[in-house]
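coords_26.cif (mmCIF, C-alpha atoms) appears below.
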```
data_coords
loop_
_atom_site.label_atom_id
_atom_site.label_comp_id
_atom_site.auth_asym_id
_atom_site.auth_seq_id
_atom_site.Cartn_x
_atom_site.Cartn_y
_atom_site.Cartn_z
CA MET A 1 0.00 0.00 0.00
CA ALA A 2 2.82 2.40 0.91
CA VAL A 3 4.48 1.77 -2.47
CA THR A 4 1.22 2.55 -4.30
CA VAL A 5 0.71 5.80 -2.38
CA LEU A 6 4.32 6.78 -3.04
CA MET A 7 3.78 5.99 -6.72
CA LEU A 8 0.70 8.27 -6.86
CA VAL A 9 2.59 11.10 -5.16
CA ALA A 10 5.48 10.69 -7.61
CA MET A 11 3.02 10.81 -10.52
CA LEU A 12 1.57 14.12 -9.30
CA LEU A 13 5.07 15.53 -8.91
CA ALA A 14 5.85 14.43 -12.47
CA ALA A 15 2.69 16.18 -13.71
CA LEU A 16 3.73 19.37 -11.92
CA LEU A 17 7.14 19.30 -13.60
CA VAL A 18 5.80 18.40 -17.04
CA GLU A 19 3.19 21.17 -17.34
CA PRO A 20 5.59 24.11 -17.96
CA LEU A 21 7.58 21.99 -20.41
CA ALA A 22 4.41 21.29 -22.40
CA ARG A 23 3.79 25.03 -22.78
CA ARG A 24 7.38 25.63 -23.83
CA ILE A 25 7.44 23.02 -26.61
CA HIS A 26 3.80 23.62 -27.68
CA LEU A 27 2.54 20.09 -27.05
CA PRO A 28 -0.65 19.20 -25.15
CA PHE A 29 -0.09 18.70 -21.43
CA ALA A 30 -1.78 15.28 -21.69
CA ALA A 31 0.68 14.13 -24.36
CA LEU A 32 3.69 14.73 -22.12
CA LEU A 33 1.88 13.12 -19.18
CA VAL A 34 1.58 9.91 -21.19
CA LEU A 35 5.26 10.02 -22.09
CA ALA A 36 6.24 10.73 -18.47
CA GLY A 37 4.09 7.86 -17.18
CA TYR A 38 5.51 5.44 -19.72
CA ALA A 39 9.15 6.46 -19.16
CA GLY A 40 8.76 6.35 -15.38
CA SER A 41 7.16 2.92 -15.32
CA GLU A 42 9.71 1.46 -17.73
CA LEU A 43 12.55 2.84 -15.61
CA LEU A 44 11.11 1.34 -12.43
CA VAL A 45 10.42 -2.06 -14.00
CA ALA A 46 13.91 -2.16 -15.51
CA ASN A 47 15.32 -1.73 -12.00
CA GLY A 48 13.11 -4.48 -10.58
CA ILE A 49 10.72 -2.16 -8.71
CA ASP A 50 7.02 -3.08 -8.59
CA THR A 51 4.91 0.04 -9.23
CA GLY A 52 1.91 -1.40 -7.38
CA VAL A 53 -0.36 -0.28 -10.22
CA ARG A 54 -2.71 -3.07 -11.37
CA ALA A 55 -5.31 -2.96 -14.15
CA SER A 56 -7.74 -4.82 -11.88
CA ASN A 57 -7.67 -1.89 -9.43
CA PHE A 58 -8.62 0.75 -11.98
CA PRO A 59 -12.42 0.40 -12.45
CA GLY A 60 -13.53 1.54 -8.98
CA PHE A 61 -10.91 4.27 -8.73
CA ILE A 62 -11.77 5.66 -12.17
CA LEU A 63 -15.57 5.45 -11.97
CA TYR A 64 -16.06 6.50 -8.34
CA VAL A 65 -13.19 8.96 -7.79
CA LEU A 66 -11.81 10.52 -10.98
CA LEU A 67 -14.74 10.69 -13.43
CA PRO A 68 -17.13 12.50 -11.03
CA LEU A 69 -14.48 15.19 -10.48
CA LEU A 70 -14.11 15.80 -14.23
CA VAL A 71 -17.86 15.83 -14.93
CA PHE A 72 -18.77 18.06 -11.97
CA GLU A 73 -16.00 20.57 -12.71
CA LEU A 74 -17.00 20.90 -16.36
CA ALA A 75 -20.67 21.37 -15.39
CA TYR A 76 -19.83 23.81 -12.59
CA HIS A 77 -17.84 26.09 -14.90
CA THR A 78 -20.30 25.95 -17.81
CA ASP A 79 -21.97 29.29 -18.50
CA GLN A 80 -25.63 28.43 -19.15
CA ARG A 81 -26.25 31.63 -21.10
CA GLN A 82 -23.50 30.82 -23.60
CA LEU A 83 -24.65 27.21 -23.62
CA LEU A 84 -28.20 28.19 -24.57
CA ARG A 85 -27.00 30.22 -27.57
CA GLY A 86 -25.40 27.16 -29.13
CA LEU A 87 -27.86 24.60 -27.76
CA PRO A 88 -29.31 23.38 -31.11
CA ILE A 89 -25.94 22.39 -32.61
CA ILE A 90 -24.67 21.13 -29.22
CA LEU A 91 -27.63 18.82 -28.65
CA MET A 92 -27.59 17.66 -32.26
CA LEU A 93 -23.93 16.64 -31.93
CA ALA A 94 -24.31 15.22 -28.42
CA VAL A 95 -27.39 13.03 -28.95
CA PRO A 96 -28.40 11.82 -32.47
CA MET A 97 -24.98 12.39 -34.05
CA LEU A 98 -23.43 10.64 -31.07
CA LEU A 99 -25.35 7.47 -31.95
CA LEU A 100 -24.22 7.78 -35.58
CA SER A 101 -20.60 8.12 -34.41
CA VAL A 102 -20.93 5.06 -32.19
CA ILE A 103 -22.21 2.90 -35.05
CA ILE A 104 -19.59 4.06 -37.59
CA THR A 105 -16.74 3.71 -35.10
CA ALA A 106 -17.94 0.30 -33.91
CA ALA A 107 -18.08 -0.89 -37.53
CA GLY A 108 -14.51 0.33 -38.06
CA VAL A 109 -13.28 -1.46 -34.95
CA TRP A 110 -15.10 -4.64 -36.01
CA ALA A 111 -13.45 -4.52 -39.43
CA GLY A 112 -10.06 -3.79 -37.92
CA ILE A 113 -10.10 -6.70 -35.45
CA ASN A 114 -11.90 -9.19 -37.72
CA HIS A 115 -11.70 -12.32 -35.58
CA SER A 116 -14.23 -14.49 -33.76
CA GLY A 117 -12.93 -13.69 -30.28
CA PHE A 118 -14.10 -10.10 -30.65
CA PRO A 119 -17.93 -10.07 -30.60
CA TRP A 120 -20.15 -7.22 -31.77
CA ILE A 121 -20.81 -6.14 -28.16
CA ALA A 122 -17.06 -5.56 -27.82
CA ALA A 123 -17.05 -3.40 -30.96
CA LEU A 124 -19.97 -1.39 -29.57
CA LEU A 125 -18.13 -0.87 -26.27
CA ALA A 126 -15.15 0.43 -28.21
CA GLY A 127 -17.38 2.58 -30.41
CA VAL A 128 -19.04 4.15 -27.39
CA LEU A 129 -15.90 5.04 -25.46
CA LEU A 130 -14.21 6.33 -28.65
CA SER A 131 -17.14 8.68 -29.33
CA ALA A 132 -16.53 10.78 -26.21
CA THR A 133 -15.06 14.18 -27.14
CA ASP A 134 -12.65 16.14 -24.95
CA PRO A 135 -11.55 19.62 -26.11
CA THR A 136 -9.47 20.31 -22.97
CA ALA A 137 -6.17 20.27 -24.88
CA ILE A 138 -7.24 23.01 -27.32
CA ILE A 139 -9.63 25.29 -25.37
CA ALA A 140 -6.89 27.76 -24.44
CA LEU A 141 -5.81 27.92 -28.08
CA LEU A 142 -9.36 28.49 -29.33
CA SER A 143 -10.05 31.19 -26.74
CA ARG A 144 -7.49 33.57 -28.25
CA SER A 145 -9.98 34.93 -30.81
CA PRO A 146 -13.71 35.80 -30.67
CA ARG A 147 -14.63 33.25 -33.35
CA GLY A 148 -12.51 30.64 -31.59
CA ARG A 149 -14.31 31.35 -28.29
CA ARG A 150 -17.66 30.67 -29.98
CA LEU A 151 -16.39 27.31 -31.17
CA ALA A 152 -14.89 26.58 -27.75
CA VAL A 153 -18.35 27.04 -26.20
CA MET A 154 -19.81 24.58 -28.72
CA LEU A 155 -17.09 21.99 -28.12
CA ASN A 156 -17.35 22.36 -24.34
CA GLY A 157 -21.14 22.14 -24.44
CA GLU A 158 -21.02 19.07 -26.66
CA SER A 159 -18.49 17.46 -24.32
CA LEU A 160 -20.70 18.22 -21.31
CA PHE A 161 -23.71 16.27 -22.63
CA ASN A 162 -21.75 13.85 -24.80
CA ASP A 163 -19.59 12.58 -21.93
CA ALA A 164 -22.51 12.00 -19.59
CA LEU A 165 -24.52 10.07 -22.18
CA ILE A 166 -21.44 8.09 -23.24
CA ILE A 167 -20.86 6.95 -19.66
CA VAL A 168 -24.51 5.84 -19.36
CA LEU A 169 -24.35 3.91 -22.66
CA PHE A 170 -21.01 2.38 -21.72
CA SER A 171 -22.37 1.19 -18.35
CA MET A 172 -25.39 -0.40 -20.00
CA LEU A 173 -23.33 -2.20 -22.65
CA LEU A 174 -20.79 -3.31 -20.05
CA SER A 175 -23.57 -4.89 -17.98
CA MET A 176 -24.77 -6.74 -21.06
CA ALA A 177 -21.24 -7.91 -21.86
CA LEU A 178 -20.52 -9.13 -18.32
CA ALA A 179 -23.87 -10.90 -17.86
CA PRO A 180 -25.35 -11.67 -21.29
CA GLN A 181 -28.02 -13.92 -19.76
CA GLN A 182 -29.10 -11.41 -17.14
CA GLY A 183 -28.41 -8.06 -18.76
CA VAL A 184 -30.82 -5.73 -20.51
CA GLY A 185 -32.15 -7.12 -23.79
CA TRP A 186 -31.76 -5.09 -26.96
CA GLN A 187 -35.51 -4.45 -27.12
CA GLN A 188 -35.33 -2.89 -23.65
CA VAL A 189 -32.32 -0.66 -24.26
CA LEU A 190 -34.19 2.57 -25.11
CA PRO A 191 -36.71 2.43 -22.21
CA HIS A 192 -33.93 1.47 -19.81
CA PHE A 193 -31.71 4.29 -21.11
CA VAL A 194 -34.48 6.88 -20.74
CA GLY A 195 -35.26 5.60 -17.25
CA ILE A 196 -31.76 5.78 -15.88
CA VAL A 197 -31.05 9.17 -17.51
CA GLY A 198 -34.36 10.65 -16.30
CA GLY A 199 -33.84 9.22 -12.84
CA GLY A 200 -30.34 10.68 -12.75
CA VAL A 201 -31.70 14.12 -13.66
CA LEU A 202 -34.27 13.96 -10.85
CA VAL A 203 -31.73 12.90 -8.24
CA GLY A 204 -29.25 15.52 -9.44
CA VAL A 205 -31.84 18.30 -9.23
CA ALA A 206 -32.89 17.15 -5.76
CA VAL A 207 -29.30 17.04 -4.48
CA GLY A 208 -28.62 20.44 -6.08
CA ALA A 209 -31.67 21.90 -4.31
CA VAL A 210 -30.54 20.53 -0.93
CA ALA A 211 -27.02 21.84 -1.56
CA ALA A 212 -28.47 25.29 -2.36
CA LEU A 213 -30.20 25.30 1.04
CA LEU A 214 -27.00 24.22 2.79
CA LEU A 215 -25.05 27.00 1.10
CA LYS A 216 -27.41 29.51 2.72
CA LEU A 217 -26.43 28.13 6.13
CA PHE A 218 -22.69 27.55 5.64
CA HIS A 219 -20.52 30.43 4.50
CA GLY A 220 -16.79 30.71 4.08
CA THR A 221 -14.22 29.21 1.76
CA THR A 222 -13.84 25.75 3.33
CA ARG A 223 -17.52 25.22 4.11
CA GLU A 224 -18.78 26.19 0.66
CA ALA A 225 -16.15 24.09 -1.10
CA LEU A 226 -17.01 21.09 1.10
CA VAL A 227 -20.72 21.46 0.39
CA THR A 228 -20.05 21.30 -3.36
CA LEU A 229 -17.68 18.33 -2.95
CA ILE A 230 -20.14 16.41 -0.78
CA SER A 231 -22.95 17.23 -3.21
CA ALA A 232 -21.01 15.85 -6.19
CA TYR A 233 -20.37 12.49 -4.56
CA ALA A 234 -23.77 12.37 -2.82
CA ALA A 235 -25.46 12.73 -6.21
CA LEU A 236 -23.27 9.96 -7.63
CA LEU A 237 -23.69 7.47 -4.79
CA LEU A 238 -27.39 8.09 -4.11
CA SER A 239 -28.18 7.61 -7.81
CA GLN A 240 -26.16 4.44 -8.30
CA GLN A 241 -26.43 2.70 -4.94
CA VAL A 242 -29.92 3.70 -3.76
CA PHE A 243 -32.04 4.55 -6.81
CA HIS A 244 -30.06 2.55 -9.45
CA VAL A 245 -30.04 5.36 -11.99
CA SER A 246 -27.19 7.25 -13.63
CA GLY A 247 -24.83 8.74 -11.09
CA ILE A 248 -22.89 10.71 -13.71
CA ILE A 249 -26.06 12.39 -15.01
CA ALA A 250 -26.97 13.27 -11.40
CA THR A 251 -23.48 14.69 -10.79
CA LEU A 252 -23.76 16.70 -14.02
CA CYS A 253 -27.12 18.22 -13.02
CA THR A 254 -25.90 19.05 -9.52
CA GLY A 255 -22.83 20.74 -10.98
CA LEU A 256 -24.94 22.84 -13.36
CA ILE A 257 -27.19 24.00 -10.51
CA LEU A 258 -24.35 24.93 -8.16
CA GLY A 259 -22.44 26.61 -11.00
CA ALA A 260 -25.52 28.72 -11.78
CA LEU A 261 -25.77 29.71 -8.10
CA ALA A 262 -22.10 30.74 -8.11
CA ARG A 263 -22.58 32.97 -11.16
CA ARG A 264 -25.59 34.63 -9.51
CA GLY A 265 -23.49 35.58 -6.51
CA GLN A 266 -25.05 33.14 -4.05
CA LEU A 267 -21.66 31.71 -3.08
CA GLN A 268 -19.62 34.17 -1.06
CA ALA A 269 -16.40 32.24 -1.72
CA TRP A 270 -17.15 31.56 -5.39
CA ARG A 271 -13.57 32.34 -6.47
CA PHE A 272 -12.14 29.86 -3.98
CA VAL A 273 -14.71 27.18 -4.87
CA GLY A 274 -13.97 27.61 -8.57
CA ALA A 275 -10.22 27.32 -7.94
CA PHE A 276 -10.82 24.27 -5.72
CA TRP A 277 -12.66 22.47 -8.52
CA ARG A 278 -10.07 23.42 -11.12
CA LEU A 279 -7.41 21.86 -8.88
CA ALA A 280 -9.51 18.71 -8.34
CA ALA A 281 -10.11 18.32 -12.08
CA TRP A 282 -6.43 18.97 -12.82
CA ILE A 283 -5.41 16.16 -10.45
CA ALA A 284 -7.98 13.76 -11.96
CA TYR A 285 -6.94 14.67 -15.52
CA ALA A 286 -3.23 14.29 -14.75
CA MET A 287 -3.73 10.98 -12.94
CA MET A 288 -5.64 9.44 -15.84
CA PHE A 289 -3.07 10.30 -18.50
CA LEU A 290 -0.21 9.25 -16.26
CA LEU A 291 -2.01 5.96 -15.63
CA MET A 292 -2.31 5.55 -19.38
CA GLY A 293 1.44 6.00 -19.69
CA VAL A 294 2.04 3.44 -16.96
CA THR A 295 -0.37 0.97 -18.59
CA VAL A 296 0.58 1.34 -22.25
CA THR A 297 2.92 -1.24 -23.81
CA LEU A 298 4.64 -1.44 -27.17
CA GLU A 299 2.87 -4.77 -27.79
CA MET A 300 -0.42 -2.88 -27.99
CA PHE A 301 0.76 -1.12 -31.13
CA SER A 302 2.80 -3.92 -32.67
CA GLN A 303 -0.11 -6.37 -32.39
CA ARG A 304 -3.05 -4.02 -33.00
CA TRP A 305 -1.59 -1.40 -35.34
CA LEU A 306 -3.94 -2.18 -38.23
CA ALA A 307 -7.00 -2.11 -35.99
CA ILE A 308 -5.83 1.23 -34.55
CA LEU A 309 -5.34 2.77 -38.01
CA ILE A 310 -8.76 1.59 -39.23
CA THR A 311 -10.36 2.88 -36.04
CA ILE A 312 -8.74 6.32 -36.40
CA VAL A 313 -10.09 6.58 -39.96
CA ALA A 314 -13.54 5.50 -38.73
CA VAL A 315 -13.45 8.07 -35.89
CA LEU A 316 -12.54 10.90 -38.27
CA LEU A 317 -15.17 9.81 -40.81
CA ALA A 318 -17.82 9.63 -38.09
CA ARG A 319 -16.86 13.07 -36.79
CA SER A 320 -16.96 14.62 -40.26
CA LEU A 321 -20.38 13.16 -41.01
CA ALA A 322 -21.71 14.15 -37.58
CA VAL A 323 -20.66 17.79 -37.92
CA GLY A 324 -21.84 18.05 -41.54
CA ILE A 325 -25.26 16.48 -40.92
CA ALA A 326 -25.75 18.46 -37.69
CA MET A 327 -25.08 21.76 -39.50
CA LEU A 328 -27.66 20.89 -42.16
CA LEU A 329 -30.30 19.90 -39.62
CA VAL A 330 -29.93 22.96 -37.38
CA SER A 331 -29.68 25.52 -40.20
CA PRO A 332 -33.41 26.45 -39.95
CA LEU A 333 -33.25 26.74 -36.15
CA PRO A 334 -32.34 29.83 -34.11
CA GLY A 335 -29.10 29.95 -32.14
CA ASP A 336 -25.38 29.98 -32.78
CA ARG A 337 -23.74 27.46 -35.11
CA PRO A 338 -20.53 27.00 -37.13
CA ARG A 339 -20.28 29.47 -40.00
CA GLY A 340 -18.70 28.09 -43.14
CA ALA A 341 -16.38 25.24 -43.96
CA VAL A 342 -13.43 26.51 -41.90
CA GLU A 343 -15.38 26.66 -38.64
CA ALA A 344 -16.86 23.25 -39.41
CA GLY A 345 -13.32 22.00 -39.97
CA VAL A 346 -12.32 23.27 -36.53
CA LEU A 347 -15.20 21.31 -34.98
CA VAL A 348 -14.18 18.19 -36.90
CA TRP A 349 -10.44 18.37 -36.20
CA GLY A 350 -11.04 19.69 -32.67
CA GLY A 351 -13.20 16.70 -31.70
CA LEU A 352 -10.36 15.17 -29.70
CA ARG A 353 -10.53 11.97 -27.67
CA GLY A 354 -9.19 12.35 -24.16
CA GLY A 355 -10.24 12.13 -20.53
CA VAL A 356 -13.51 10.17 -20.70
CA THR A 357 -12.30 7.83 -23.45
CA LEU A 358 -9.22 7.12 -21.39
CA ALA A 359 -11.15 6.73 -18.14
CA LEU A 360 -13.58 4.22 -19.63
CA ALA A 361 -10.77 2.26 -21.31
CA LEU A 362 -8.89 2.06 -18.02
CA SER A 363 -12.06 1.03 -16.19
CA LEU A 364 -12.67 -2.06 -18.36
CA PRO A 365 -12.82 -5.13 -16.10
CA VAL A 366 -10.16 -7.72 -16.80
CA GLN A 367 -12.85 -10.44 -16.74
CA LEU A 368 -13.67 -9.49 -20.32
CA ASP A 369 -11.53 -11.53 -22.71
CA TYR A 370 -11.15 -8.57 -25.06
CA TRP A 371 -10.46 -5.79 -22.51
CA TRP A 372 -6.81 -5.47 -23.57
CA THR A 373 -7.72 -5.18 -27.26
CA ILE A 374 -10.25 -2.39 -26.63
CA GLN A 375 -7.76 -0.62 -24.39
CA ALA A 376 -5.04 -0.83 -27.07
CA ILE A 377 -7.37 0.68 -29.69
CA ALA A 378 -8.47 3.44 -27.32
CA PHE A 379 -4.88 4.28 -26.37
CA GLY A 380 -3.82 4.43 -30.02
CA THR A 381 -6.70 6.76 -30.92
CA VAL A 382 -6.07 9.05 -27.94
CA LEU A 383 -2.38 9.27 -28.84
CA PHE A 384 -3.32 10.24 -32.40
CA THR A 385 -5.51 13.08 -31.15
CA LEU A 386 -2.81 14.29 -28.74
CA PHE A 387 0.21 14.08 -31.03
CA VAL A 388 -1.41 14.79 -34.42
CA GLN A 389 -4.77 16.56 -34.16
CA ALA A 390 -4.06 18.93 -31.26
CA PRO A 391 -0.63 20.15 -32.47
CA THR A 392 -1.86 20.71 -36.04
CA LEU A 393 -5.06 22.56 -35.06
CA PRO A 394 -3.25 25.97 -35.25
CA LEU A 395 -2.97 25.43 -39.02
CA VAL A 396 -6.77 25.27 -39.22
CA LEU A 397 -7.11 28.27 -36.91
CA LYS A 398 -4.93 30.36 -39.21
CA ARG A 399 -7.62 29.93 -41.86
CA LEU A 400 -10.22 30.86 -39.27
CA ARG A 401 -8.46 34.17 -38.46
#
```
File written out as structure tokens:
Amino acid sequence: MAVTVLMLVAMLLAALLVEPLARRIHLPFAALLVLAGYAGSELLVANGIDTGVRASNFPGFILYVLLPLLVFELAYHTDQRQLLRGLPIILMLAVPMLLLSVIITAAGVWAGINHSGFPWIAALLAGVLLSATDPTAIIALLSRSPRGRRLAVMLNGESLFNDALIIVLFSMLLSMALAPQQGVGWQQVLPHFVGIVGGGVLVGVAVGAVAALLLKLFHGTTREALVTLISAYAALLLSQQVFHVSGIIATLCTGLILGALARRGQLQAWRFVGAFWRLAAWIAYAMMFLLMGVTVTLEMFSQRWLAILITIVAVLLARSLAVGIAMLLVSPLPGDRPRGAVEAGVLVWGGLRGGVTLALALSLPVQLDYWWTIQAIAFGTVLFTLFVQAPTLPLVLKRLR
């Protein structure tokens, strides 16, 4: 246990040292975290030191500790007024186009693997986790111009809803994969999905309302931050353990409510609470990419390189179709949307895969025969977005300016 704790502390120290280097060499922070995690683990193993990190320990840590921090922080810092302006294109990308992306990506994964030990449910699991977008690596870059800020709002809004729905779909498919005789049948998927999402919304709103009352009683930096932290995990655990609905949706709704209260001035220590959640999300984000670096092996790419290449093409094709179709469908509707081919290109190329994709890949239970294959494909796709898409986005932005 002591070795594991020491390993986690060392990983955070590595993240702290890597961040300024990433800015200096103009690479995404997450990309250098992966390299640092990989180099550190290889160095330790070469010297006969056991890192204490086991794939079997990841699911609970990822799903119950790290993911809620990322989802709540994104919801808490989302400006609802900006969100409403781009709501038509955001919802179009995050709901119907999400399903299109899942199907296209799953078909690509299926074609890339092409063997009997990889069933269709495995391809769907891969398609779902690879459809989660994460613009974190490029938001600062986009925010340098007014047009870029508009697109950043769209990408952040899409990620907000997209990630929550992806996690719900992933949980449902994982239950079916682990217990095919007892899981939800295909004919029950839609009613079950609506039920657990709707239930999550209700629990999240209820927890947010209780938290709003508590914030009227407890003032001060520590108290207000603790109320938000307790609310995030209370929404998660009440939803999943008591009401058996989506904990991530509940956490998302609670975060939106408390974030709205903060912007209305109902939190006296709103600056401190915002900084507290940025720190929490930074730690969760850094831990996940460092864990990816620790977990990744060269065998993943030497044995699954063709599947990874086919999957990357499928992901880009799915993203291009999703953005193009969404723009056509929302053109008669009011609200903000991408203007022209260049802005559409930014949405396509800026649809990176990151935190949630990585978290779900790391959370795959080792009982599944194909967990390693899905993880290899996910890692390869995430590395492509970090080392190819994110660094080359400035070339697209030059056209935008």
Inset, instruction - Can you work out the spacing between atom CA of A:Val205 and atom CA of A:Val168 in Å, to one decimal? - result: 17.7 Å
Inset, instruction - Can you turn the PyMOL selection byres ((chain A and resi 237) around 12) into a concrete residue list for this file, as a ChimeraX atom specification? - result: /A:63-65,68,200,203-204,207,230-236,238-251
List every residue of stretch 165-275 of chain A that has an atom at most 10 Å from any atom of stretch 81-96 of chain A, giving for each one its closest atom pair and the distance in Å to one decimal, counting only C-alpha atoms, sorted by chain and then by ascending residue number, as CSV.
```
residue,atom,partner,partner_atom,distance
A:Leu165,CA,A:Val95,CA,7.9
A:Ile166,CA,A:Ala94,CA,9.3
A:Ala260,CA,A:Arg81,CA,9.8
```
Would you list the contacts of stretch 269-282 of chain A as a PDB file with C-alpha atoms, in the coordinates of the input, taking every protein, DNA or RNA residue within 7 Å and counting all atoms listed in the file, but skipping same-chain residues closer than 2 positions in sequence?
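Writing the result to out_16.pdb gives the following:
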```pdb
ATOM      1  CA  LEU A  69     -14.480  15.190 -10.480  1.00  0.00           C
ATOM      2  CA  LEU A  70     -14.110  15.800 -14.230  1.00  0.00           C
ATOM      3  CA  GLU A  73     -16.000  20.570 -12.710  1.00  0.00           C
ATOM      4  CA  GLY A 220     -16.790  30.710   4.080  1.00  0.00           C
ATOM      5  CA  THR A 221     -14.220  29.210   1.760  1.00  0.00           C
ATOM      6  CA  GLU A 224     -18.780  26.190   0.660  1.00  0.00           C
ATOM      7  CA  ALA A 225     -16.150  24.090  -1.100  1.00  0.00           C
ATOM      8  CA  ALA A 262     -22.100  30.740  -8.110  1.00  0.00           C
ATOM      9  CA  LEU A 267     -21.660  31.710  -3.080  1.00  0.00           C
ATOM     10  CA  ALA A 284      -7.980  13.760 -11.960  1.00  0.00           C
ATOM     11  CA  TYR A 285      -6.940  14.670 -15.520  1.00  0.00           C
ATOM     12  CA  ALA A 286      -3.230  14.290 -14.750  1.00  0.00           C
TER      13      ALA A 286
END
```
Inset, instruction - Tell me, in Å to one decimal, how far atom CA of A:Leu125 is from atom CA of A:Leu160. - result: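 Interatomic distance, atom CA of A:Leu125 to atom CA of A:Leu160: 19.9 Å.
Across the model, the gap from atom CA of A:Leu173 to atom CA of A:His192 is 11.6 Å.
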